[in-house]
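J.: Okay, handing you the structure first.
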Amino acid sequence: MVEFFSEGPLLAIETSCDETSAAILEGSKILCNVVYSQVDLHRQWGGVVPEAAARAHVDAIVPVLSEAFQQSGIDKSKIKAIAVTNRPGLVGALSVGVTAAKALSLSLNIPILGVHHLEGHLMSPYSLGDLVYPHVALVVSGGHTELVHVRAFGDYEILGETRDDAAGEAFDKASRLLGLGYPGGIAIQKAAEGHTPKYNLPKGLSGQTMEFSFSGLKTAVHRLVEAEGDNLDVGAMAASVQEVIAGVLAERALFAAESLGVEAVSLVGGVAANKRLRELLEQGTEKLGIRLLVPPISLCTDNAAMIGLAGSIRLARGERSGMDLGVYSSSPLPGLEE
Ligand code: KG4
Ligand code: ZN
């Protein structure tokens with residue numbers, strides 16, 4: 001069992017990429033989770049433009065915070081601590097959330113804590129109830145693809161990661177090549193509905209491994225799009241892309257769970273919204289007789305509630321950040337620093 005911050009309401013802020021989000025929690029209870037997505041802004045460029053993301057956070061942060069106080073019915077004067085994502089992410093984007101957190105901390109005279117974005121994702125299935133430890137976590141987003149052995153909260157071992165593109169990036173790039181738009185994961189999933197995979201695409205690395213490689217997939221899709229021209233069956237191609245990405249992710253996560261003999265697998269990050277991936281992991285974990293922990297979709301994509309859950313446990317343990325809290329584009333999980 002983990003202990004959560006119990007001195008009163010906790011405010012959480014997340015601005016690491018293209019979602020401006022604020023949540024208010026009481027213990028492990030999520031009172032509200034306001035998410036403003038910038039996806040409509042970035043669609044014109046087919047991906048997140050860091051400078052534009054930072055400016056959009058500047059515009060959105062105060063309205064999103066006001067909405068969180070309003071939805072939760074908790075006046076800001078009642079907030080007793082702030083958890084804010086400070087790493088890893090786009091530095092301009094992170095700076096907006098961290099600066100807002102510092103300003104509130106100074107004016108309300110309450111503590112703040114910088115939270116690791118991936119530790120937030122790892123905590124997202126907690127909303128289902130208690131987490132099972134140890135477990136294997138499959139962290140799959142636009143920027144990350146990692147298998148983590150979670151022995152306990154804060155006790156992590158990286159079992160394997162991608163050598164090139166992240167899983168979400170592979171969906172996004174394939175979607176662009178197929179002319180299906182941005183963001184690619186949901187576009188590919190929709191285009192694949194009702195279609196059977198028929199194109200042969202590479203799985204990246206072969207054999208029993210916990211590592212991933214998706215760059216070959218992008219090249220193969222590019223080649224097939226050129227070779228097939230107007231004859232390309234876009235639905236079948238989308239189904240093939242989804243099948244190979246979801247298949248590789250599920251296969252490696254199940255291999256890791258079986259090798260380590262853990263009782264549960266968690267699926268977190270934006271790509272965890274993928275229906276086929278959920279289905280494959282449901283079937284696989286059932287076969288192994290172990291549990292699958294998947295948060296609701298609202299907690300899969302970037303949000304402040306998950307940052308609040310992770311920050312709350314660390315705040316309860318007495319951890320605090322100072323006014324010198326910095327922002328970092330890359331950072332290992334807590335406990336794995338050199
Ligand atoms: O965790 P997230 O919201 O942001 C990052 O931290 O990166 O993940 C965004 C990624 C995008 O690449 C998007 O295409 C992917 O998650 N994604 C999906 C689905 N929904 C979002 N990928 C596959 N299937 C989906 N349904
Ligand atoms: Zn994320």
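Numbering starts fresh at 1 for the residues of each chain in the structure tokens, the chains themselves are lettered A, B, ... in the order given, and ligands are numbered from 1 as they appear.
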Show me, as JSON lines, the residues of chain A having an atom within 7 Å of ligand 2, each with the closest atom pair and its distance in Å, using only C-alpha atoms and all ligand atoms.
T.:
{"residue": "A:His117", "atom": "CA", "partner": "ligand 2", "partner_atom_place_in_ligand_line": "1 (Zn)", "distance": 6.5}
{"residue": "A:Leu118", "atom": "CA", "partner": "ligand 2", "partner_atom_place_in_ligand_line": "1 (Zn)", "distance": 6.7}
{"residue": "A:His121", "atom": "CA", "partner": "ligand 2", "partner_atom_place_in_ligand_line": "1 (Zn)", "distance": 6.6}
{"residue": "A:Ser141", "atom": "CA", "partner": "ligand 2", "partner_atom_place_in_ligand_line": "1 (Zn)", "distance": 5.8}
{"residue": "A:Gly269", "atom": "CA", "partner": "ligand 2", "partner_atom_place_in_ligand_line": "1 (Zn)", "distance": 5.5}
{"residue": "A:Gly270", "atom": "CA", "partner": "ligand 2", "partner_atom_place_in_ligand_line": "1 (Zn)", "distance": 6.5}
{"residue": "A:Thr301", "atom": "CA", "partner": "ligand 2", "partner_atom_place_in_ligand_line": "1 (Zn)", "distance": 6.2}
{"residue": "A:Asp302", "atom": "CA", "partner": "ligand 2", "partner_atom_place_in_ligand_line": "1 (Zn)", "distance": 4.8}
J.: Emit the selected residues as a short mmCIF file (atom, residue, chain, number, x, y, z; two decimals), in the first residue's frame, including N, CA, C and O atoms.
T.:
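Produced file again29.cif, reproduced below:
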data_model
loop_
_atom_site.label_atom_id
_atom_site.label_comp_id
_atom_site.auth_asym_id
_atom_site.auth_seq_id
_atom_site.Cartn_x
_atom_site.Cartn_y
_atom_site.Cartn_z
N HIS A 117 7.44 12.88 -15.71
CA HIS A 117 6.26 12.61 -16.54
C HIS A 117 5.94 11.10 -16.65
O HIS A 117 4.79 10.69 -16.56
N LEU A 118 6.99 10.28 -16.81
CA LEU A 118 6.73 8.84 -16.97
C LEU A 118 6.29 8.18 -15.67
O LEU A 118 5.55 7.20 -15.69
N HIS A 121 2.67 8.60 -15.82
CA HIS A 121 2.03 7.57 -16.66
C HIS A 121 1.98 6.24 -15.91
O HIS A 121 0.98 5.53 -15.95
N SER A 141 4.01 5.98 -25.82
CA SER A 141 3.43 7.29 -26.14
C SER A 141 4.07 7.81 -27.40
O SER A 141 4.77 7.08 -28.11
N GLY A 269 0.23 5.36 -21.31
CA GLY A 269 0.69 6.28 -22.35
C GLY A 269 -0.37 6.39 -23.44
O GLY A 269 -1.31 5.58 -23.49
N GLY A 270 -0.23 7.37 -24.32
CA GLY A 270 -1.23 7.65 -25.35
C GLY A 270 -1.60 6.46 -26.22
O GLY A 270 -2.77 6.27 -26.58
N THR A 301 -3.81 9.37 -22.32
CA THR A 301 -3.11 10.50 -22.95
C THR A 301 -2.70 11.47 -21.83
O THR A 301 -3.19 11.37 -20.70
N ASP A 302 -1.82 12.42 -22.17
CA ASP A 302 -1.25 13.28 -21.14
C ASP A 302 -2.32 14.03 -20.33
O ASP A 302 -3.24 14.61 -20.89
#
J.: Neighbours of Val34 of chain A within 6 Å (only C-alpha atoms; same-chain residues fewer than 6 positions away dropped), as a list in words?
T.: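 Using only C-alpha atoms, the neighbours found are Ser21, Ala22 and Ala68 of chain A.
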J.: Which residues are near ligand 1 - at most 7 Å, using only C-alpha atoms and all ligand atoms? Format: as a ChimeraX atom specification.
T.: /A:17,141-144,168-169,171-172,183-186,189,269-275,300-302
J.: Just want the 8 Å neighbourhood of Ala253 of chain A, counted on only C-alpha atoms, with same-chain residues fewer than 6 positions away dropped. Output as a PDB file with C-alpha atoms, in the first residue's frame.
T.:
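Here's the written file selection27.pdb:
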ATOM      1  CA  VAL A 136       5.650  -5.015 -15.858  1.00  0.00           C
ATOM      2  CA  ALA A 137       4.615  -1.673 -17.380  1.00  0.00           C
ATOM      3  CA  LEU A 138       4.424  -1.089 -21.110  1.00  0.00           C
ATOM      4  CA  LEU A 147       9.158  -1.883 -20.753  1.00  0.00           C
ATOM      5  CA  MET A 210      12.484  -6.683 -24.717  1.00  0.00           C
ATOM      6  CA  VAL A 265       1.019  -6.040 -16.786  1.00  0.00           C
TER       7      VAL A 265
END
J.: Check the DSSP output for the backbone and give back, as JSON, numbers by chain, the residues of segment 67-312 of chain A in helix (DSSP H, G or I).
T.: {"A": [67, 68, 69, 70, 71, 72, 76, 77, 78, 91, 92, 93, 94, 95, 96, 97, 98, 99, 100, 101, 102, 103, 104, 105, 106, 107, 108, 117, 118, 119, 120, 121, 122, 123, 124, 125, 126, 127, 128, 167, 168, 169, 170, 171, 172, 173, 174, 175, 176, 177, 184, 185, 186, 187, 188, 189, 190, 191, 192, 215, 216, 217, 218, 219, 220, 221, 222, 223, 224, 225, 226, 227, 228, 229, 230, 231, 234, 235, 236, 237, 238, 239, 240, 241, 242, 243, 244, 245, 246, 247, 248, 249, 250, 251, 252, 253, 254, 255, 256, 257, 258, 259, 260, 270, 271, 272, 273, 275, 276, 277, 278, 279, 280, 281, 282, 283, 284, 285, 286, 287, 288, 297, 298, 299, 300, 304, 305, 306, 307, 308, 309, 310, 311, 312]}
J.: I'd like the neighbourhood of Leu315 of chain A as an MDAnalysis selection string, where a residue qualifies if any of its atoms comes within 12 Å (using only C-alpha atoms), though same-chain residues fewer than 4 positions away should be ignored.
T.: chainID A and resid 2:8 10:12 27 80:84 110:115 307:311 319:321
J.: A:Ala304, A:Ala187, A:Leu292, A:Ala152: which is nearest Gly235 of chain A, counting only C-alpha atoms?
T.: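 Result for the nearest residue to Gly235 of chain A: A:Ala187.
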J.: Residues of segment 268-304 of chain A that approach segment 238-248 of chain A to 9 Å or less, counting only C-alpha atoms: could you list each one with the shortest pair of atoms and its distance in Å to one decimal, rows by chain and increasing residue number, as JSON lines?
T.:
{"residue": "A:Asn274", "atom": "CA", "partner": "A:Ala246", "partner_atom": "CA", "distance": 8.1}
{"residue": "A:Arg276", "atom": "CA", "partner": "A:Ala246", "partner_atom": "CA", "distance": 6.5}
{"residue": "A:Leu277", "atom": "CA", "partner": "A:Ala246", "partner_atom": "CA", "distance": 4.7}
{"residue": "A:Arg278", "atom": "CA", "partner": "A:Ala246", "partner_atom": "CA", "distance": 8.5}
{"residue": "A:Leu280", "atom": "CA", "partner": "A:Gly247", "partner_atom": "CA", "distance": 7.2}
J.: Of the residues A:Val234, A:Gly322, A:Leu177, A:His222, which is the one nearest to Ala191 of chain A, using only C-alpha atoms?
T.: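 Going through A:Val234, A:Gly322, A:Leu177, A:His222 one by one, the smallest distance to Ala191 of chain A is for A:Val234.
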J.: Identify, on the basis of only C-alpha atoms, every residue whose closest approach to Val96 of chain A does not exceed 12 Å; exclude the query and any residue fewer than 4 positions from it along the same chain; express the result as an MDAnalysis selection string.
T.: chainID A and resid 13:21 51 53:62 84:86 89:92 100:103 326:327
J.: May I have the residues within 9 Å of Leu128 of chain A as a compact mmCIF listing (two decimals) with N, CA, C and O atoms, in the first residue's frame, using only C-alpha atoms and disregarding those fewer than 3 positions away in the same chain?
T.:
# COMPACT_ATOMS: atom_id res chain seq x y z
N SER A 124 -0.93 5.99 -13.64
CA SER A 124 -2.29 6.23 -14.17
C SER A 124 -3.28 5.08 -13.92
O SER A 124 -4.46 5.35 -13.71
N PRO A 125 -2.86 3.79 -13.90
CA PRO A 125 -3.87 2.75 -13.63
C PRO A 125 -4.32 2.73 -12.17
O PRO A 125 -5.23 1.98 -11.83
N LEU A 131 -2.64 -0.61 -7.06
CA LEU A 131 -1.81 -1.23 -8.10
C LEU A 131 -1.21 -2.53 -7.57
O LEU A 131 -1.01 -2.68 -6.37
N LEU A 293 -3.66 -4.17 -16.24
CA LEU A 293 -4.06 -2.90 -15.65
C LEU A 293 -4.01 -1.82 -16.72
O LEU A 293 -2.93 -1.48 -17.20
N VAL A 294 -5.17 -1.34 -17.13
CA VAL A 294 -5.23 -0.28 -18.16
C VAL A 294 -6.11 0.84 -17.67
O VAL A 294 -7.27 0.61 -17.32
N PRO A 295 -5.60 2.07 -17.63
CA PRO A 295 -6.43 3.19 -17.17
C PRO A 295 -7.49 3.55 -18.20
O PRO A 295 -7.35 3.19 -19.37
N PRO A 296 -8.54 4.26 -17.79
CA PRO A 296 -9.49 4.75 -18.79
C PRO A 296 -8.77 5.67 -19.78
O PRO A 296 -7.73 6.26 -19.44
J.: Which residue out of A:Asp164, A:Glu263, A:Glu157, A:Glu337 has the minimum interatomic distance to Pro134 of chain A when only C-alpha atoms are used?
T.: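 Of A:Asp164, A:Glu263, A:Glu157, A:Glu337, the one nearest Pro134 of chain A is A:Glu263, counting only C-alpha atoms.
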J.: Which one of A:Phe214, A:His195, A:Asp324, A:Gly261 sits closest to His149 of chain A if you count only C-alpha atoms?
T.: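 Nearest candidate to His149 of chain A out of A:Phe214, A:His195, A:Asp324, A:Gly261: A:Gly261.
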J.: Which residue gives the smallest distance to Gly47 of chain A among A:Arg223, A:Arg87, A:Lys173, A:Lys76, with only C-alpha atoms counted?
T.: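 Between A:Arg223, A:Arg87, A:Lys173, A:Lys76, the residue approaching Gly47 of chain A most closely is A:Lys173.
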J.: Determine, counting only C-alpha atoms, which protein, DNA and RNA residues have an atom within 12 Å of an atom of Gly46 of chain A; residues of the same chain fewer than 2 positions away are not included. Present the result as a PDB file with N, CA, C and O atoms, in the first residue's frame.
T.:
ATOM      1  N   VAL A  39      -4.086  19.707 -30.018  1.00  0.00           N
ATOM      2  CA  VAL A  39      -3.965  18.909 -31.236  1.00  0.00           C
ATOM      3  C   VAL A  39      -4.469  19.639 -32.488  1.00  0.00           C
ATOM      4  O   VAL A  39      -3.863  19.529 -33.566  1.00  0.00           O
ATOM      5  N   ASP A  40      -5.527  20.442 -32.349  1.00  0.00           N
ATOM      6  CA  ASP A  40      -6.047  21.174 -33.522  1.00  0.00           C
ATOM      7  C   ASP A  40      -5.047  22.205 -34.040  1.00  0.00           C
ATOM      8  O   ASP A  40      -4.987  22.477 -35.231  1.00  0.00           O
ATOM      9  N   LEU A  41      -4.263  22.766 -33.117  1.00  0.00           N
ATOM     10  CA  LEU A  41      -3.245  23.740 -33.502  1.00  0.00           C
ATOM     11  C   LEU A  41      -2.122  23.068 -34.303  1.00  0.00           C
ATOM     12  O   LEU A  41      -1.691  23.555 -35.344  1.00  0.00           O
ATOM     13  N   HIS A  42      -1.650  21.912 -33.788  1.00  0.00           N
ATOM     14  CA  HIS A  42      -0.477  21.261 -34.392  1.00  0.00           C
ATOM     15  C   HIS A  42      -0.798  20.461 -35.662  1.00  0.00           C
ATOM     16  O   HIS A  42       0.105  20.093 -36.399  1.00  0.00           O
ATOM     17  N   ARG A  43      -2.098  20.211 -35.895  1.00  0.00           N
ATOM     18  CA  ARG A  43      -2.496  19.421 -37.067  1.00  0.00           C
ATOM     19  C   ARG A  43      -1.947  20.025 -38.361  1.00  0.00           C
ATOM     20  O   ARG A  43      -1.498  19.318 -39.245  1.00  0.00           O
ATOM     21  N   GLN A  44      -1.947  21.365 -38.454  1.00  0.00           N
ATOM     22  CA  GLN A  44      -1.482  22.027 -39.684  1.00  0.00           C
ATOM     23  C   GLN A  44      -0.023  21.707 -40.020  1.00  0.00           C
ATOM     24  O   GLN A  44       0.383  21.778 -41.176  1.00  0.00           O
ATOM     25  N   VAL A  48       3.926  18.083 -33.367  1.00  0.00           N
ATOM     26  CA  VAL A  48       4.018  19.139 -32.360  1.00  0.00           C
ATOM     27  C   VAL A  48       5.195  20.070 -32.665  1.00  0.00           C
ATOM     28  O   VAL A  48       6.336  19.610 -32.785  1.00  0.00           O
ATOM     29  N   VAL A  49       4.923  21.365 -32.802  1.00  0.00           N
ATOM     30  CA  VAL A  49       5.985  22.357 -32.999  1.00  0.00           C
ATOM     31  C   VAL A  49       6.268  22.981 -31.618  1.00  0.00           C
ATOM     32  O   VAL A  49       5.401  23.648 -31.044  1.00  0.00           O
ATOM     33  N   GLU A 169       5.078   7.519 -32.439  1.00  0.00           N
ATOM     34  CA  GLU A 169       5.746   8.164 -33.573  1.00  0.00           C
ATOM     35  C   GLU A 169       5.587   7.290 -34.824  1.00  0.00           C
ATOM     36  O   GLU A 169       5.379   7.805 -35.931  1.00  0.00           O
ATOM     37  N   ASP A 172       2.175   7.777 -36.067  1.00  0.00           N
ATOM     38  CA  ASP A 172       2.051   9.117 -36.659  1.00  0.00           C
ATOM     39  C   ASP A 172       2.715   9.195 -38.036  1.00  0.00           C
ATOM     40  O   ASP A 172       2.164   9.763 -38.970  1.00  0.00           O
ATOM     41  N   LYS A 173       3.921   8.581 -38.160  1.00  0.00           N
ATOM     42  CA  LYS A 173       4.641   8.631 -39.438  1.00  0.00           C
ATOM     43  C   LYS A 173       3.933   7.812 -40.504  1.00  0.00           C
ATOM     44  O   LYS A 173       3.815   8.238 -41.657  1.00  0.00           O
ATOM     45  N   ALA A 174       3.440   6.629 -40.123  1.00  0.00           N
ATOM     46  CA  ALA A 174       2.728   5.771 -41.086  1.00  0.00           C
ATOM     47  C   ALA A 174       1.458   6.483 -41.550  1.00  0.00           C
ATOM     48  O   ALA A 174       1.125   6.469 -42.742  1.00  0.00           O
ATOM     49  N   SER A 175       0.779   7.129 -40.618  1.00  0.00           N
ATOM     50  CA  SER A 175      -0.461   7.840 -40.945  1.00  0.00           C
ATOM     51  C   SER A 175      -0.188   8.939 -41.970  1.00  0.00           C
ATOM     52  O   SER A 175      -0.946   9.126 -42.925  1.00  0.00           O
ATOM     53  N   ARG A 176       0.908   9.650 -41.767  1.00  0.00           N
ATOM     54  CA  ARG A 176       1.269  10.732 -42.684  1.00  0.00           C
ATOM     55  C   ARG A 176       1.531  10.166 -44.089  1.00  0.00           C
ATOM     56  O   ARG A 176       1.054  10.690 -45.083  1.00  0.00           O
ATOM     57  N   LEU A 177       2.280   9.041 -44.144  1.00  0.00           N
ATOM     58  CA  LEU A 177       2.581   8.410 -45.443  1.00  0.00           C
ATOM     59  C   LEU A 177       1.317   7.938 -46.157  1.00  0.00           C
ATOM     60  O   LEU A 177       1.250   7.919 -47.380  1.00  0.00           O
ATOM     61  N   GLY A 179      -1.561   9.428 -45.819  1.00  0.00           N
ATOM     62  CA  GLY A 179      -2.442  10.578 -46.025  1.00  0.00           C
ATOM     63  C   GLY A 179      -3.640  10.572 -45.080  1.00  0.00           C
ATOM     64  O   GLY A 179      -4.703  11.112 -45.399  1.00  0.00           O
ATOM     65  N   LEU A 180      -3.468   9.958 -43.899  1.00  0.00           N
ATOM     66  CA  LEU A 180      -4.607   9.842 -42.971  1.00  0.00           C
ATOM     67  C   LEU A 180      -4.638  10.938 -41.910  1.00  0.00           C
ATOM     68  O   LEU A 180      -5.564  11.000 -41.107  1.00  0.00           O
ATOM     69  N   GLY A 181      -3.615  11.783 -41.882  1.00  0.00           N
ATOM     70  CA  GLY A 181      -3.657  12.933 -40.984  1.00  0.00           C
ATOM     71  C   GLY A 181      -3.049  12.701 -39.612  1.00  0.00           C
ATOM     72  O   GLY A 181      -2.463  11.650 -39.325  1.00  0.00           O
ATOM     73  N   TYR A 182      -3.191  13.709 -38.747  1.00  0.00           N
ATOM     74  CA  TYR A 182      -2.554  13.765 -37.439  1.00  0.00           C
ATOM     75  C   TYR A 182      -3.606  14.007 -36.361  1.00  0.00           C
ATOM     76  O   TYR A 182      -4.537  14.780 -36.603  1.00  0.00           O
ATOM     77  N   PRO A 183      -3.521  13.437 -35.176  1.00  0.00           N
ATOM     78  CA  PRO A 183      -2.529  12.439 -34.766  1.00  0.00           C
ATOM     79  C   PRO A 183      -2.810  11.071 -35.393  1.00  0.00           C
ATOM     80  O   PRO A 183      -3.964  10.709 -35.617  1.00  0.00           O
ATOM     81  N   GLY A 184      -1.726  10.340 -35.639  1.00  0.00           N
ATOM     82  CA  GLY A 184      -1.810   9.144 -36.462  1.00  0.00           C
ATOM     83  C   GLY A 184      -2.435   7.924 -35.813  1.00  0.00           C
ATOM     84  O   GLY A 184      -3.061   7.117 -36.514  1.00  0.00           O
TER      85      GLY A 184
END
J.: Which distance in Å separates atom CA of Val35 of chain A and atom CA of Asp155 of chain A, to one decimal?
T.: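 Computed distance, atom CA of Val35 of chain A to atom CA of Asp155 of chain A, equals 28.7 Å.
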J.: Considering only C-alpha atoms, can you say which of A:Ser330, A:Ser266, A:Ser105, A:Ser213 comes closest to Val148 of chain A?
T.: A:Ser266
J.: Provide the atom CA of Leu201 of chain A to atom CA of Thr285 of chain A distance in Å, to one decimal place.
T.: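 Atom CA of Thr285 of chain A lies at a distance of 25.1 Å from atom CA of Leu201 of chain A.
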